[in-house]
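The structure under discussion appears below in the form of structure tokens.
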Protein chains: 2
Amino acid sequence: MGRWEPDARGRLAKAALALYAERGYEQTTVAEIAKRAGLTERTFFRHYADKREVLFAGSGELEELFVRAVAGAPESVATLDALTAGLDAVAELFADRREFARRRHAVITANAELRERELIKLASLAAALTDTLRSRGVAEPAASLAAEAAVAVFKIAFERWIAPAEERPMPELIRESLAELKAVTSGA
Amino acid sequence: MGRWEPDARGRLAKAALALYAERGYEQTTVAEIAKRAGLTERTFFRHYADKREVLFAGSGELEELFVRAVAGAPESVATLDALTAGLDAVAELFADRREFARRRHAVITANAELRERELIKLASLAAALTDTLRSRGVAEPAASLAAEAAVAVFKIAFERWIAPAEERPMPELIRESLAELKAVTSGA
């Protein structure tokens, strides 16, 4: 990417979110996003496959980071501890993105196709974590259940993190969510 | 429904599944389903809104039964026990449907739109259970986490139930799945 487009990717994402909020996701075109960002359509397509991709570009990174941390946890640790290592790793991703995430969430909630895409993303994460646990020697159905539980912990922590007025950082909310899951499943 | 159409609903479902498996879901028309069942299109539409509905007609019933059992559990029981009452209630639904469920699953797996619909169904179930737990006085994030965990237990038990060569009944697989979740979250 050329030096004449500093942070083109970030500017495009910001412009897209602003337009989705103002006009609605369906009504916004790539041409308008590029214009708002002061860039060309061609530049847009160097960074994103389409306008939906702007909203989901982070999912691949999140999944990769999560899986890598689980796969890299010491062999000796319990399944839940390996997953906790993954949760801790992804929590770091969310440090400065709360306002962006809130706006993104509002856009997604308003559109059925985007809500479905969000569900697919979480299902894909659960499948990837299941595979990773199996590679670590975890048997079924424990691998699938542990993966689904970890995704639930992430999902609920994320929903709380973007809730209006919530100020606690993601790592704290993930720890809280994990503690609640343990309490619930232990019959508390 | 007229007496001249005994079990029209069941015959339509069976005919639809057979055609989806033979020709593919996309290529099958309502006219063909009705013809195969020896019924009219008009009769089809008295029972199902469209050809997709044949595959998902049971979801509403399942959600209703699950929610009712959770809502009806004694006030004094722990959250997990209330959810277990719901899981036990829906397990009964699956008594004689394994072959139908296996064929249905094969059709759904082969089609992206249907896989999304299946994910939406599970998300809807989790949301309904969350609301039910809140009504029972369970605070957040415990309500959401417990609901997501119960849906995961159901989902994994169901996937095992329809696996080739699996013969154990659904109630047993649900209990196994629940026990595994407890083991995993307790750090076993």
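If you're wondering about the labels, chains in the structure tokens are A, B, ... by order shown, residues count from 1 in each chain, ligands from 1 in order shown.
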
**Study point:** Who sits within 12 Å of Glu113 (chain A), only C-alpha atoms, same chain under 5 positions skipped, as a list in words
**Key:** Tyr25, Glu26, Arg52, Val107, Ile108, Glu118, Leu119 and Ile120 of chain A; Glu113, Glu116, Arg117 and Ile120 of chain B

Point to revise | Check: which chain B residues lie within 7 Å of chain A using only C-alpha atoms, as a ChimeraX atom specification | key: /B:78-80,116,119-120,141-142,144-146,148-149,152-153,156,177,180-182,184-188

Selected residues written out, N, CA and C atoms, as a PDB file, in the first residue's frame:
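Heads up, here's the output in part23.pdb:
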ATOM      1  N   ALA B  78     -31.741 -25.133  41.560  1.00  0.00           N
ATOM      2  CA  ALA B  78     -30.639 -24.380  40.973  1.00  0.00           C
ATOM      3  C   ALA B  78     -30.883 -24.213  39.466  1.00  0.00           C
ATOM      4  N   THR B  79     -30.254 -23.179  38.903  1.00  0.00           N
ATOM      5  CA  THR B  79     -30.394 -22.876  37.479  1.00  0.00           C
ATOM      6  C   THR B  79     -30.123 -24.101  36.611  1.00  0.00           C
ATOM      7  N   LEU B  80     -29.048 -24.792  36.905  1.00  0.00           N
ATOM      8  CA  LEU B  80     -28.690 -25.952  36.085  1.00  0.00           C
ATOM      9  C   LEU B  80     -29.758 -27.046  36.162  1.00  0.00           C
ATOM     10  N   GLU B 116     -27.317 -22.031   7.905  1.00  0.00           N
ATOM     11  CA  GLU B 116     -27.534 -20.761   8.610  1.00  0.00           C
ATOM     12  C   GLU B 116     -28.836 -20.777   9.394  1.00  0.00           C
ATOM     13  N   LEU B 119     -28.413 -22.562  12.560  1.00  0.00           N
ATOM     14  CA  LEU B 119     -27.722 -21.738  13.560  1.00  0.00           C
ATOM     15  C   LEU B 119     -28.680 -20.712  14.183  1.00  0.00           C
ATOM     16  N   ILE B 120     -29.542 -20.144  13.336  1.00  0.00           N
ATOM     17  CA  ILE B 120     -30.504 -19.160  13.833  1.00  0.00           C
ATOM     18  C   ILE B 120     -31.463 -19.808  14.820  1.00  0.00           C
ATOM     19  N   PRO B 141     -24.412 -12.054  34.171  1.00  0.00           N
ATOM     20  CA  PRO B 141     -24.409 -12.865  32.952  1.00  0.00           C
ATOM     21  C   PRO B 141     -24.746 -14.331  33.163  1.00  0.00           C
ATOM     22  N   ALA B 142     -25.130 -14.714  34.390  1.00  0.00           N
ATOM     23  CA  ALA B 142     -25.389 -16.136  34.645  1.00  0.00           C
ATOM     24  C   ALA B 142     -26.497 -16.675  33.742  1.00  0.00           C
ATOM     25  N   SER B 144     -27.543 -15.753  30.696  1.00  0.00           N
ATOM     26  CA  SER B 144     -27.090 -15.965  29.315  1.00  0.00           C
ATOM     27  C   SER B 144     -26.129 -17.137  29.211  1.00  0.00           C
ATOM     28  N   LEU B 145     -25.200 -17.210  30.142  1.00  0.00           N
ATOM     29  CA  LEU B 145     -24.208 -18.283  30.092  1.00  0.00           C
ATOM     30  C   LEU B 145     -24.833 -19.649  30.310  1.00  0.00           C
ATOM     31  N   ALA B 146     -25.748 -19.716  31.258  1.00  0.00           N
ATOM     32  CA  ALA B 146     -26.411 -20.994  31.534  1.00  0.00           C
ATOM     33  C   ALA B 146     -27.234 -21.422  30.319  1.00  0.00           C
ATOM     34  N   GLU B 148     -26.747 -20.558  27.127  1.00  0.00           N
ATOM     35  CA  GLU B 148     -25.826 -20.965  26.043  1.00  0.00           C
ATOM     36  C   GLU B 148     -25.246 -22.349  26.326  1.00  0.00           C
ATOM     37  N   ALA B 149     -24.923 -22.598  27.582  1.00  0.00           N
ATOM     38  CA  ALA B 149     -24.351 -23.903  27.940  1.00  0.00           C
ATOM     39  C   ALA B 149     -25.378 -25.013  27.711  1.00  0.00           C
ATOM     40  N   ALA B 152     -25.609 -25.729  24.086  1.00  0.00           N
ATOM     41  CA  ALA B 152     -24.428 -26.500  23.668  1.00  0.00           C
ATOM     42  C   ALA B 152     -24.598 -27.978  24.036  1.00  0.00           C
ATOM     43  N   VAL B 153     -25.093 -28.236  25.222  1.00  0.00           N
ATOM     44  CA  VAL B 153     -25.342 -29.618  25.653  1.00  0.00           C
ATOM     45  C   VAL B 153     -26.323 -30.298  24.696  1.00  0.00           C
ATOM     46  N   ILE B 156     -24.642 -30.794  21.053  1.00  0.00           N
ATOM     47  CA  ILE B 156     -23.638 -31.868  20.976  1.00  0.00           C
ATOM     48  C   ILE B 156     -24.308 -33.239  21.150  1.00  0.00           C
ATOM     49  N   SER B 177     -23.687 -35.695  27.778  1.00  0.00           N
ATOM     50  CA  SER B 177     -23.211 -34.380  27.345  1.00  0.00           C
ATOM     51  C   SER B 177     -23.162 -33.404  28.532  1.00  0.00           C
ATOM     52  N   GLU B 180     -20.284 -34.281  30.793  1.00  0.00           N
ATOM     53  CA  GLU B 180     -19.010 -33.861  30.209  1.00  0.00           C
ATOM     54  C   GLU B 180     -18.807 -32.359  30.400  1.00  0.00           C
ATOM     55  N   LEU B 181     -19.876 -31.591  30.208  1.00  0.00           N
ATOM     56  CA  LEU B 181     -19.754 -30.143  30.392  1.00  0.00           C
ATOM     57  C   LEU B 181     -19.355 -29.826  31.829  1.00  0.00           C
ATOM     58  N   LYS B 182     -19.990 -30.505  32.767  1.00  0.00           N
ATOM     59  CA  LYS B 182     -19.643 -30.278  34.179  1.00  0.00           C
ATOM     60  C   LYS B 182     -18.190 -30.651  34.438  1.00  0.00           C
ATOM     61  N   VAL B 184     -15.679 -30.738  32.305  1.00  0.00           N
ATOM     62  CA  VAL B 184     -14.773 -29.778  31.661  1.00  0.00           C
ATOM     63  C   VAL B 184     -14.700 -28.472  32.444  1.00  0.00           C
ATOM     64  N   THR B 185     -15.853 -27.938  32.835  1.00  0.00           N
ATOM     65  CA  THR B 185     -15.839 -26.634  33.508  1.00  0.00           C
ATOM     66  C   THR B 185     -15.341 -26.713  34.932  1.00  0.00           C
ATOM     67  N   SER B 186     -15.324 -27.912  35.493  1.00  0.00           N
ATOM     68  CA  SER B 186     -14.757 -28.029  36.842  1.00  0.00           C
ATOM     69  C   SER B 186     -13.242 -28.234  36.764  1.00  0.00           C
ATOM     70  N   GLY B 187     -12.730 -28.208  35.518  1.00  0.00           N
ATOM     71  CA  GLY B 187     -11.277 -28.272  35.356  1.00  0.00           C
ATOM     72  C   GLY B 187     -10.727 -29.682  35.305  1.00  0.00           C
ATOM     73  N   ALA B 188     -11.586 -30.652  35.037  1.00  0.00           N
ATOM     74  CA  ALA B 188     -11.123 -32.054  34.991  1.00  0.00           C
ATOM     75  C   ALA B 188     -10.209 -32.260  33.782  1.00  0.00           C
TER      76      ALA B 188
END

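Remark: for Leu19 (chain B), the closest of the candidate residues B:Lys121, B:Arg42, B:Arg175, B:Lys51 is B:Lys51 (distances computed over only C-alpha atoms).
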
Practice item. Find, counting only C-alpha atoms, the residue in A:Ala126, A:Ala101, A:Val138, A:Ala31 that gets nearest to Ala82 (chain A). Key: A:Val138

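With only C-alpha atoms as the atoms that count, the residue of B:Ala89, B:Ala37, B:Val30, B:Ala163 with the shortest distance to Asp7 (chain B) is B:Ala37.
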
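With CA of Arg46 (chain B) on one side and CA of Arg68 (chain B) on the other, the separation reads 27.0 Å.
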
**Study point:** Filtered DSSP result for region 64-166 of chain A, state alpha helix (DSSP H), as a PyMOL selection string
**Key:** chain A and resi 64-72+79-91+98-109+112-135+142-161

Check your understanding: So how many Å separate CA of Ser135 (chain A) and CA of Ala91 (chain A), to one decimal?
Key -> 23.4 Å

Review point. Leaving out Arg102 (chain B) and any residue of its chain fewer than 5 positions from it, which residues lie within 12 Å of it when counting only C-alpha atoms, given as a ChimeraX atom specification?
Key: /B:17-18,21,55,94,96-97,107-109,158-166

What does the file look like for those residues with all heavy atoms, as a short mmCIF file (atom, residue, chain, number, x, y, z; two decimals), in the first residue's frame?
data_model
loop_
_atom_site.label_atom_id
_atom_site.label_comp_id
_atom_site.auth_asym_id
_atom_site.auth_seq_id
_atom_site.Cartn_x
_atom_site.Cartn_y
_atom_site.Cartn_z
N LEU B 17 -38.17 -35.11 2.17
CA LEU B 17 -36.84 -35.60 2.54
C LEU B 17 -36.27 -36.51 1.46
O LEU B 17 -35.09 -36.42 1.10
CB LEU B 17 -36.91 -36.36 3.87
CG LEU B 17 -36.39 -35.66 5.09
CD1 LEU B 17 -34.87 -35.61 5.08
CD2 LEU B 17 -36.94 -34.24 5.21
N ALA B 18 -37.11 -37.40 0.96
CA ALA B 18 -36.64 -38.33 -0.08
C ALA B 18 -36.19 -37.55 -1.32
O ALA B 18 -35.12 -37.82 -1.88
CB ALA B 18 -37.76 -39.31 -0.44
N ALA B 21 -32.94 -35.60 -0.82
CA ALA B 21 -31.78 -36.48 -0.86
C ALA B 21 -31.47 -36.93 -2.29
O ALA B 21 -30.31 -36.99 -2.70
CB ALA B 21 -32.03 -37.70 0.04
N LEU B 55 -38.34 -28.78 6.89
CA LEU B 55 -37.15 -29.17 7.65
C LEU B 55 -37.11 -28.55 9.04
O LEU B 55 -36.41 -29.05 9.93
CB LEU B 55 -35.88 -28.76 6.88
CG LEU B 55 -35.69 -29.41 5.52
CD1 LEU B 55 -34.61 -28.69 4.73
CD2 LEU B 55 -35.36 -30.88 5.66
N PHE B 94 -37.43 -37.06 20.69
CA PHE B 94 -36.59 -37.67 19.67
C PHE B 94 -36.72 -39.19 19.58
O PHE B 94 -35.97 -39.83 18.87
CB PHE B 94 -35.12 -37.29 19.93
CG PHE B 94 -34.88 -35.83 19.73
CD1 PHE B 94 -35.11 -34.92 20.75
CD2 PHE B 94 -34.47 -35.36 18.50
CE1 PHE B 94 -34.92 -33.56 20.54
CE2 PHE B 94 -34.27 -34.01 18.29
CZ PHE B 94 -34.50 -33.11 19.32
N ASP B 96 -38.62 -41.59 18.18
CA ASP B 96 -38.73 -42.44 16.98
C ASP B 96 -38.24 -41.75 15.72
O ASP B 96 -38.58 -42.15 14.61
CB ASP B 96 -40.19 -42.83 16.76
CG ASP B 96 -40.76 -43.49 17.99
OD1 ASP B 96 -40.07 -44.35 18.54
OD2 ASP B 96 -41.88 -43.14 18.39
N ARG B 97 -37.46 -40.72 15.85
CA ARG B 97 -37.19 -39.90 14.68
C ARG B 97 -35.75 -39.96 14.19
O ARG B 97 -35.32 -39.11 13.41
CB ARG B 97 -37.53 -38.43 14.99
CG ARG B 97 -38.98 -38.21 15.35
CD ARG B 97 -39.32 -36.75 15.28
NE ARG B 97 -40.57 -36.45 15.96
CZ ARG B 97 -41.05 -35.23 16.14
NH1 ARG B 97 -40.36 -34.19 15.68
NH2 ARG B 97 -42.18 -35.01 16.76
N VAL B 107 -29.27 -33.28 4.40
CA VAL B 107 -29.78 -32.24 3.50
C VAL B 107 -29.29 -30.86 3.97
O VAL B 107 -28.82 -30.04 3.17
CB VAL B 107 -31.34 -32.26 3.45
CG1 VAL B 107 -31.87 -31.08 2.67
CG2 VAL B 107 -31.83 -33.58 2.86
N ILE B 108 -29.39 -30.62 5.26
CA ILE B 108 -29.01 -29.31 5.81
C ILE B 108 -27.52 -29.06 5.64
O ILE B 108 -27.09 -27.97 5.27
CB ILE B 108 -29.45 -29.21 7.28
CG1 ILE B 108 -30.98 -29.04 7.31
CG2 ILE B 108 -28.76 -28.05 8.00
CD1 ILE B 108 -31.59 -29.08 8.67
N THR B 109 -26.72 -30.08 5.90
CA THR B 109 -25.27 -29.94 5.81
C THR B 109 -24.83 -29.55 4.40
O THR B 109 -23.85 -28.85 4.21
CB THR B 109 -24.58 -31.25 6.24
OG1 THR B 109 -25.05 -31.57 7.55
CG2 THR B 109 -23.08 -31.12 6.26
N PHE B 158 -27.34 -33.97 20.31
CA PHE B 158 -28.07 -34.21 19.07
C PHE B 158 -27.11 -34.68 17.97
O PHE B 158 -27.40 -35.62 17.24
CB PHE B 158 -28.79 -32.93 18.64
CG PHE B 158 -29.57 -33.09 17.36
CD1 PHE B 158 -30.78 -33.76 17.35
CD2 PHE B 158 -29.08 -32.58 16.17
CE1 PHE B 158 -31.50 -33.93 16.17
CE2 PHE B 158 -29.78 -32.75 14.98
CZ PHE B 158 -31.00 -33.42 14.98
N GLU B 159 -25.96 -34.03 17.86
CA GLU B 159 -24.99 -34.42 16.83
C GLU B 159 -24.51 -35.86 17.03
O GLU B 159 -24.28 -36.59 16.07
CB GLU B 159 -23.78 -33.47 16.83
CG GLU B 159 -24.11 -32.14 16.16
CD GLU B 159 -23.01 -31.10 16.32
OE1 GLU B 159 -21.92 -31.43 16.86
OE2 GLU B 159 -23.24 -29.94 15.94
N ARG B 160 -24.37 -36.24 18.28
CA ARG B 160 -23.97 -37.63 18.56
C ARG B 160 -25.11 -38.59 18.25
O ARG B 160 -24.90 -39.67 17.71
CB ARG B 160 -23.53 -37.77 20.02
CG ARG B 160 -22.18 -37.12 20.27
CD ARG B 160 -21.81 -37.14 21.72
NE ARG B 160 -21.20 -38.38 22.15
CZ ARG B 160 -19.95 -38.76 21.85
NH1 ARG B 160 -19.20 -38.00 21.10
NH2 ARG B 160 -19.47 -39.88 22.32
N TRP B 161 -26.32 -38.17 18.60
CA TRP B 161 -27.50 -39.02 18.40
C TRP B 161 -27.68 -39.40 16.93
O TRP B 161 -28.06 -40.52 16.61
CB TRP B 161 -28.73 -38.27 18.93
CG TRP B 161 -30.01 -39.03 18.88
CD1 TRP B 161 -30.35 -40.14 19.62
CD2 TRP B 161 -31.15 -38.74 18.06
NE1 TRP B 161 -31.62 -40.53 19.30
CE2 TRP B 161 -32.14 -39.70 18.35
CE3 TRP B 161 -31.43 -37.74 17.11
CZ2 TRP B 161 -33.38 -39.70 17.73
CZ3 TRP B 161 -32.66 -37.74 16.49
CH2 TRP B 161 -33.63 -38.71 16.80
N ILE B 162 -27.40 -38.45 16.03
CA ILE B 162 -27.59 -38.73 14.60
C ILE B 162 -26.32 -39.28 13.94
O ILE B 162 -26.32 -39.56 12.75
CB ILE B 162 -28.07 -37.49 13.80
CG1 ILE B 162 -27.08 -36.34 13.94
CG2 ILE B 162 -29.47 -37.08 14.20
CD1 ILE B 162 -27.38 -35.16 13.03
N ALA B 163 -25.25 -39.44 14.69
CA ALA B 163 -24.02 -39.98 14.11
C ALA B 163 -24.26 -41.41 13.62
O ALA B 163 -25.06 -42.14 14.23
CB ALA B 163 -22.89 -39.94 15.14
N PRO B 164 -23.58 -41.83 12.54
CA PRO B 164 -23.77 -43.18 12.03
C PRO B 164 -23.45 -44.20 13.13
O PRO B 164 -22.49 -44.01 13.89
CB PRO B 164 -22.74 -43.29 10.90
CG PRO B 164 -22.40 -41.89 10.54
CD PRO B 164 -22.58 -41.07 11.78
N ALA B 165 -24.24 -45.24 13.21
CA ALA B 165 -24.02 -46.35 14.13
C ALA B 165 -24.34 -46.04 15.60
O ALA B 165 -24.31 -46.92 16.45
CB ALA B 165 -22.60 -46.91 14.02
N GLU B 166 -24.63 -44.76 15.91
CA GLU B 166 -25.00 -44.45 17.30
C GLU B 166 -26.38 -45.03 17.57
O GLU B 166 -27.31 -44.82 16.79
CB GLU B 166 -25.01 -42.94 17.52
CG GLU B 166 -25.41 -42.50 18.92
CD GLU B 166 -24.49 -43.05 19.99
OE1 GLU B 166 -23.30 -42.69 19.99
OE2 GLU B 166 -24.95 -43.86 20.83
#

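Among the candidate residues A:Pro74, A:Glu32, A:Glu61, A:Gly10, the one lying nearest to Tyr48 (chain A) is A:Gly10, with distances computed using only C-alpha atoms.
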
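Taking CA of Leu114 (chain A) and CA of Phe44 (chain A) as the two end points, the separation is 19.9 Å.
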
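Considering the residues B:Thr40, B:Asn111, B:Thr28, B:Val54 and counting only C-alpha atoms, Ala13 (chain B) has its shortest atom-to-atom contact with B:Val54.
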